[in-house]
Amino acid sequence: MIGQFFFSTLIFCKDIPDSKKLNQHLLKNIKKLKKNDEKGIIRSNLLGWHSDTNLQDKKEYKQLIEELFKMQQQIYKVERYHPDTEAVLESMWANINYKYSHNKNHVHPDSQWSGVYYVKCPINCGDIWFTDPCGERRMHTPIMAEMEDESKTPSHNWKEVHYKPTEGRVLMFPSWLAHEVSQNMSDLKGEKGWRVSISFNFKQRWKYVK
């Protein structure tokens, strides 16, 4: 008997080298943004702060943007996208989740690849988690054998996947993949307990002929 996987969903993960200095720079600028706009905007964030979505136009984020484009180029090769197309960074924004803040389940419409970069992640500050996009699969859920280690359950039977945030790490995933962020339950006081990240959306387009 031969078993084959189909309809898989790829989530890409990469640790940015020497990210400590970059994160110090990003945190400094995100705090400036917050000071100038304490209210922020509301999207999926509940109790947390969400910046405007134009960070891709600001020079302070150039180094991170370069790393994100490198990752998109790698994805284009893995996915065998047409060589005459290119990635376009449509939007980018900062998130600060205070104590008890979280992000409700959502997708990123009108985008191809979305993702998050982690700037500051104290312990217990909230996982990001993705839910199975195939709703029809839940019509008849199999009865699985009990296991002490649930991670040994075949991954194609998982209903959700959790990632603990790690400073200096990027996750990229299809924009249609539903995801949410659990509550920040860090016991650290004030800014030390903040969960700080930068999210973004990419599109694909044909390269312009010069």
# chains A, B, ... in the order shown; residues from 1 in each chain; ligands from 1

call {"tool": "residues_around", "arguments": {"residues": "stretch 75-81 of chain A", "least_positions_apart": "4", "cutoff": "12 Å", "atoms": "only C-alpha atoms", "output": "PyMOL selection string"}}
result
chain A and resi 9-14+68-71+85-87+112-113+171-174+202-206

call {"tool": "write_last_selection", "arguments": {"atoms": "C-alpha atoms", "output": "PDB file, in the first residue's frame"}}
result
ATOM      1  CA  THR A   9      -0.240  23.883   3.291  1.00  0.00           C
ATOM      2  CA  LEU A  10       3.290  25.252   3.598  1.00  0.00           C
ATOM      3  CA  ILE A  11       4.351  27.504   6.468  1.00  0.00           C
ATOM      4  CA  PHE A  12       7.896  28.818   6.079  1.00  0.00           C
ATOM      5  CA  CYS A  13      10.111  29.653   9.046  1.00  0.00           C
ATOM      6  CA  LYS A  14      13.481  31.428   9.111  1.00  0.00           C
ATOM      7  CA  LEU A  68      11.726  39.526   3.914  1.00  0.00           C
ATOM      8  CA  PHE A  69      12.355  39.885   0.176  1.00  0.00           C
ATOM      9  CA  LYS A  70      15.178  37.333   0.371  1.00  0.00           C
ATOM     10  CA  MET A  71      12.734  34.917   1.944  1.00  0.00           C
ATOM     11  CA  THR A  85       7.070  37.674 -11.758  1.00  0.00           C
ATOM     12  CA  GLU A  86       8.198  39.379  -8.577  1.00  0.00           C
ATOM     13  CA  ALA A  87       7.085  39.936  -4.994  1.00  0.00           C
ATOM     14  CA  GLN A 112      -0.688  36.083  -1.504  1.00  0.00           C
ATOM     15  CA  TRP A 113       1.823  35.585   1.313  1.00  0.00           C
ATOM     16  CA  LEU A 171       6.988  33.033   9.690  1.00  0.00           C
ATOM     17  CA  MET A 172       5.475  33.258   6.202  1.00  0.00           C
ATOM     18  CA  PHE A 173       2.214  31.557   5.279  1.00  0.00           C
ATOM     19  CA  PRO A 174      -0.503  31.747   2.614  1.00  0.00           C
ATOM     20  CA  PHE A 202       3.058  40.325  -0.117  1.00  0.00           C
ATOM     21  CA  LYS A 203       1.515  40.146  -3.576  1.00  0.00           C
ATOM     22  CA  GLN A 204       2.862  38.721  -6.824  1.00  0.00           C
ATOM     23  CA  ARG A 205       3.016  40.725 -10.059  1.00  0.00           C
ATOM     24  CA  TRP A 206       4.559  40.567 -13.504  1.00  0.00           C
TER      25      TRP A 206
END

call {"tool": "residues_around", "arguments": {"residues": "A:Ile198", "least_positions_apart": "2", "cutoff": "8 Å", "atoms": "only C-alpha atoms", "output": "list in words"}}
result
Met92, Trp93, Ala94, Asn95, Val116, Tyr117, Tyr118, Val119, Val196 and Phe200 of chain A

call {"tool": "write_last_selection", "arguments": {"atoms": "N, CA, C and O atoms", "output": "short mmCIF file (atom, residue, chain, number, x, y, z; two decimals), in the first residue's frame"}}
result
data_model
loop_
_atom_site.label_atom_id
_atom_site.label_comp_id
_atom_site.auth_asym_id
_atom_site.auth_seq_id
_atom_site.Cartn_x
_atom_site.Cartn_y
_atom_site.Cartn_z
N MET A 92 2.76 46.69 5.71
CA MET A 92 3.52 46.20 6.85
C MET A 92 3.17 47.05 8.06
O MET A 92 2.99 48.26 7.94
N TRP A 93 3.05 46.43 9.23
CA TRP A 93 2.63 47.16 10.42
C TRP A 93 3.20 46.52 11.68
O TRP A 93 3.61 45.37 11.67
N ALA A 94 3.22 47.30 12.74
CA ALA A 94 3.74 46.83 14.02
C ALA A 94 2.58 46.49 14.96
O ALA A 94 1.50 47.10 14.90
N ASN A 95 2.83 45.52 15.83
CA ASN A 95 1.85 45.09 16.83
C ASN A 95 2.49 45.09 18.21
O ASN A 95 3.63 44.62 18.37
N VAL A 116 4.83 37.21 9.87
CA VAL A 116 5.11 37.95 11.09
C VAL A 116 6.59 37.81 11.42
O VAL A 116 7.20 36.75 11.21
N TYR A 117 7.17 38.90 11.91
CA TYR A 117 8.54 38.89 12.41
C TYR A 117 8.50 39.26 13.88
O TYR A 117 7.84 40.24 14.26
N TYR A 118 9.22 38.51 14.71
CA TYR A 118 9.15 38.71 16.15
C TYR A 118 10.30 39.59 16.65
O TYR A 118 11.47 39.24 16.49
N VAL A 119 9.92 40.69 17.27
CA VAL A 119 10.88 41.68 17.77
C VAL A 119 11.16 41.47 19.25
O VAL A 119 12.30 41.53 19.70
N VAL A 196 5.99 42.15 21.02
CA VAL A 196 6.13 43.10 19.91
C VAL A 196 6.48 42.34 18.63
O VAL A 196 7.42 41.52 18.61
N PHE A 200 3.05 41.60 7.88
CA PHE A 200 3.19 42.11 6.51
C PHE A 200 2.40 41.27 5.52
O PHE A 200 2.01 40.13 5.80
#

call {"tool": "select_by_dssp", "arguments": {"residues": "stretch 62-154 of chain A", "states": "alpha helix (DSSP H)", "output": "PyMOL selection string"}}
result
chain A and resi 62-79

call {"tool": "write_last_selection", "arguments": {"atoms": "all heavy atoms", "output": "short mmCIF file (atom, residue, chain, number, x, y, z; two decimals), in the first residue's frame"}}
result
data_model
loop_
_atom_site.label_atom_id
_atom_site.label_comp_id
_atom_site.auth_asym_id
_atom_site.auth_seq_id
_atom_site.Cartn_x
_atom_site.Cartn_y
_atom_site.Cartn_z
N LYS A 62 14.19 49.23 6.58
CA LYS A 62 14.85 48.77 5.35
C LYS A 62 15.55 47.42 5.54
O LYS A 62 15.43 46.52 4.70
CB LYS A 62 15.85 49.82 4.87
CG LYS A 62 16.57 49.47 3.57
CD LYS A 62 17.46 50.64 3.13
CE LYS A 62 18.15 50.35 1.80
NZ LYS A 62 19.14 49.26 1.91
N GLN A 63 16.29 47.26 6.63
CA GLN A 63 17.04 46.02 6.83
C GLN A 63 16.11 44.82 6.94
O GLN A 63 16.36 43.77 6.34
CB GLN A 63 17.92 46.12 8.08
CG GLN A 63 18.79 44.88 8.31
CD GLN A 63 19.66 44.99 9.55
OE1 GLN A 63 19.79 46.07 10.14
NE2 GLN A 63 20.25 43.88 9.96
N LEU A 64 15.03 44.97 7.69
CA LEU A 64 14.07 43.89 7.82
C LEU A 64 13.42 43.59 6.47
O LEU A 64 13.27 42.42 6.08
CB LEU A 64 13.00 44.23 8.85
CG LEU A 64 11.85 43.22 8.97
CD1 LEU A 64 12.38 41.85 9.37
CD2 LEU A 64 10.79 43.71 9.94
N ILE A 65 13.05 44.64 5.75
CA ILE A 65 12.41 44.46 4.45
C ILE A 65 13.30 43.68 3.50
O ILE A 65 12.83 42.80 2.76
CB ILE A 65 12.03 45.84 3.86
CG1 ILE A 65 10.88 46.45 4.66
CG2 ILE A 65 11.64 45.71 2.38
CD1 ILE A 65 10.58 47.90 4.32
N GLU A 66 14.58 43.97 3.50
CA GLU A 66 15.52 43.23 2.65
C GLU A 66 15.51 41.75 2.99
O GLU A 66 15.55 40.89 2.09
CB GLU A 66 16.93 43.81 2.80
CG GLU A 66 17.10 45.19 2.17
CD GLU A 66 18.47 45.79 2.44
OE1 GLU A 66 19.22 45.22 3.25
OE2 GLU A 66 18.79 46.84 1.83
N GLU A 67 15.46 41.42 4.27
CA GLU A 67 15.42 40.02 4.68
C GLU A 67 14.11 39.35 4.25
O GLU A 67 14.11 38.18 3.85
CB GLU A 67 15.58 39.91 6.20
CG GLU A 67 16.94 40.33 6.72
CD GLU A 67 18.06 39.39 6.31
OE1 GLU A 67 17.76 38.23 5.92
OE2 GLU A 67 19.24 39.80 6.38
N LEU A 68 13.01 40.08 4.32
CA LEU A 68 11.73 39.53 3.91
C LEU A 68 11.70 39.23 2.42
O LEU A 68 11.17 38.20 1.98
CB LEU A 68 10.59 40.49 4.27
CG LEU A 68 10.39 40.78 5.76
CD1 LEU A 68 9.22 41.73 5.96
CD2 LEU A 68 10.19 39.50 6.56
N PHE A 69 12.30 40.12 1.61
CA PHE A 69 12.35 39.89 0.18
C PHE A 69 13.24 38.68 -0.16
O PHE A 69 12.94 37.92 -1.08
CB PHE A 69 12.84 41.13 -0.56
CG PHE A 69 11.73 42.06 -0.97
CD1 PHE A 69 11.43 43.18 -0.22
CD2 PHE A 69 10.98 41.80 -2.10
CE1 PHE A 69 10.40 44.04 -0.59
CE2 PHE A 69 9.94 42.64 -2.49
CZ PHE A 69 9.66 43.77 -1.73
N LYS A 70 14.33 38.51 0.58
CA LYS A 70 15.18 37.33 0.37
C LYS A 70 14.36 36.05 0.60
O LYS A 70 14.48 35.08 -0.16
CB LYS A 70 16.36 37.35 1.34
CG LYS A 70 17.43 38.37 1.02
CD LYS A 70 18.53 38.31 2.09
CE LYS A 70 19.56 39.42 1.90
NZ LYS A 70 20.60 39.40 2.98
N MET A 71 13.55 36.09 1.63
CA MET A 71 12.73 34.92 1.94
C MET A 71 11.68 34.67 0.86
O MET A 71 11.43 33.53 0.47
CB MET A 71 12.08 35.12 3.31
CG MET A 71 11.56 33.85 3.94
SD MET A 71 11.16 34.14 5.69
CE MET A 71 10.34 32.60 6.08
N GLN A 72 11.08 35.74 0.36
CA GLN A 72 10.11 35.60 -0.73
C GLN A 72 10.77 35.01 -1.98
O GLN A 72 10.19 34.16 -2.66
CB GLN A 72 9.49 36.96 -1.06
CG GLN A 72 8.32 37.34 -0.19
CD GLN A 72 7.06 36.57 -0.52
OE1 GLN A 72 6.39 36.82 -1.53
NE2 GLN A 72 6.71 35.61 0.33
N GLN A 73 11.98 35.46 -2.27
CA GLN A 73 12.69 34.92 -3.43
C GLN A 73 12.94 33.42 -3.28
O GLN A 73 12.83 32.66 -4.24
CB GLN A 73 14.00 35.67 -3.62
CG GLN A 73 13.82 37.10 -4.11
CD GLN A 73 15.08 37.96 -3.93
OE1 GLN A 73 16.11 37.48 -3.49
NE2 GLN A 73 14.97 39.23 -4.29
N GLN A 74 13.25 33.00 -2.05
CA GLN A 74 13.44 31.56 -1.80
C GLN A 74 12.13 30.80 -1.99
O GLN A 74 12.11 29.70 -2.55
CB GLN A 74 13.98 31.35 -0.38
CG GLN A 74 15.40 31.86 -0.18
CD GLN A 74 15.85 31.76 1.27
OE1 GLN A 74 15.10 32.11 2.19
NE2 GLN A 74 17.06 31.27 1.49
N ILE A 75 11.05 31.38 -1.52
CA ILE A 75 9.73 30.76 -1.68
C ILE A 75 9.36 30.65 -3.15
O ILE A 75 8.83 29.62 -3.60
CB ILE A 75 8.66 31.54 -0.90
CG1 ILE A 75 8.88 31.36 0.61
CG2 ILE A 75 7.25 31.09 -1.29
CD1 ILE A 75 7.97 32.21 1.48
N TYR A 76 9.67 31.68 -3.94
CA TYR A 76 9.35 31.66 -5.37
C TYR A 76 10.07 30.50 -6.05
O TYR A 76 9.52 29.86 -6.96
CB TYR A 76 9.75 32.99 -6.01
CG TYR A 76 8.67 34.05 -5.94
CD1 TYR A 76 7.92 34.24 -4.78
CD2 TYR A 76 8.42 34.89 -7.02
CE1 TYR A 76 6.94 35.21 -4.71
CE2 TYR A 76 7.44 35.86 -6.96
CZ TYR A 76 6.69 36.01 -5.80
OH TYR A 76 5.71 36.97 -5.74
N LYS A 77 11.30 30.21 -5.62
CA LYS A 77 12.05 29.10 -6.20
C LYS A 77 11.46 27.76 -5.78
O LYS A 77 11.28 26.85 -6.59
CB LYS A 77 13.52 29.18 -5.78
CG LYS A 77 14.29 30.33 -6.43
CD LYS A 77 15.74 30.35 -5.97
CE LYS A 77 16.50 31.49 -6.62
NZ LYS A 77 17.92 31.54 -6.16
N VAL A 78 11.15 27.63 -4.49
CA VAL A 78 10.57 26.38 -3.98
C VAL A 78 9.22 26.09 -4.65
O VAL A 78 8.94 24.96 -5.06
CB VAL A 78 10.39 26.46 -2.45
CG1 VAL A 78 9.56 25.28 -1.93
CG2 VAL A 78 11.75 26.49 -1.76
N GLU A 79 8.41 27.13 -4.81
CA GLU A 79 7.06 26.97 -5.36
C GLU A 79 7.04 27.00 -6.89
O GLU A 79 5.98 26.80 -7.49
CB GLU A 79 6.15 28.09 -4.81
CG GLU A 79 5.91 28.01 -3.31
CD GLU A 79 5.01 26.85 -2.94
OE1 GLU A 79 5.55 25.74 -2.77
OE2 GLU A 79 3.79 27.03 -2.84
#

call {"tool": "closest_residue", "arguments": {"among": "A:Leu188, A:Ile96, A:Asp132, A:Glu148", "to": "A:Val161", "atoms": "only C-alpha atoms"}}
result
A:Asp132

call {"tool": "select_by_dssp", "arguments": {"residues": "stretch 7-168 of chain A", "states": "strand (DSSP E or B)", "output": "MDAnalysis selection string"}}
result
chainID A and resid 12:15 45:46 49:50 54 85:97 102:106 113:120 128:131 160:163

call {"tool": "residues_around", "arguments": {"residues": "stretch 50-52 of chain A", "least_positions_apart": "4", "cutoff": "10 Å", "atoms": "only C-alpha atoms", "output": "JSON, numbers by chain"}}
result
{"A": [30, 33, 34, 37, 38, 39, 40, 41, 42, 43, 44, 45, 46, 91, 92, 93, 94, 95, 96, 97, 197, 198, 199]}

call {"tool": "closest_residue", "arguments": {"among": "A:Ile2, A:Val107, A:Met147, A:Cys121", "to": "A:His179", "atoms": "only C-alpha atoms"}}
result
A:Val107

call {"tool": "atom_distance", "arguments": {"atom1": "atom CA of A:Pro165", "atom2": "atom CA of A:Lys28"}}
result
19.5 Å
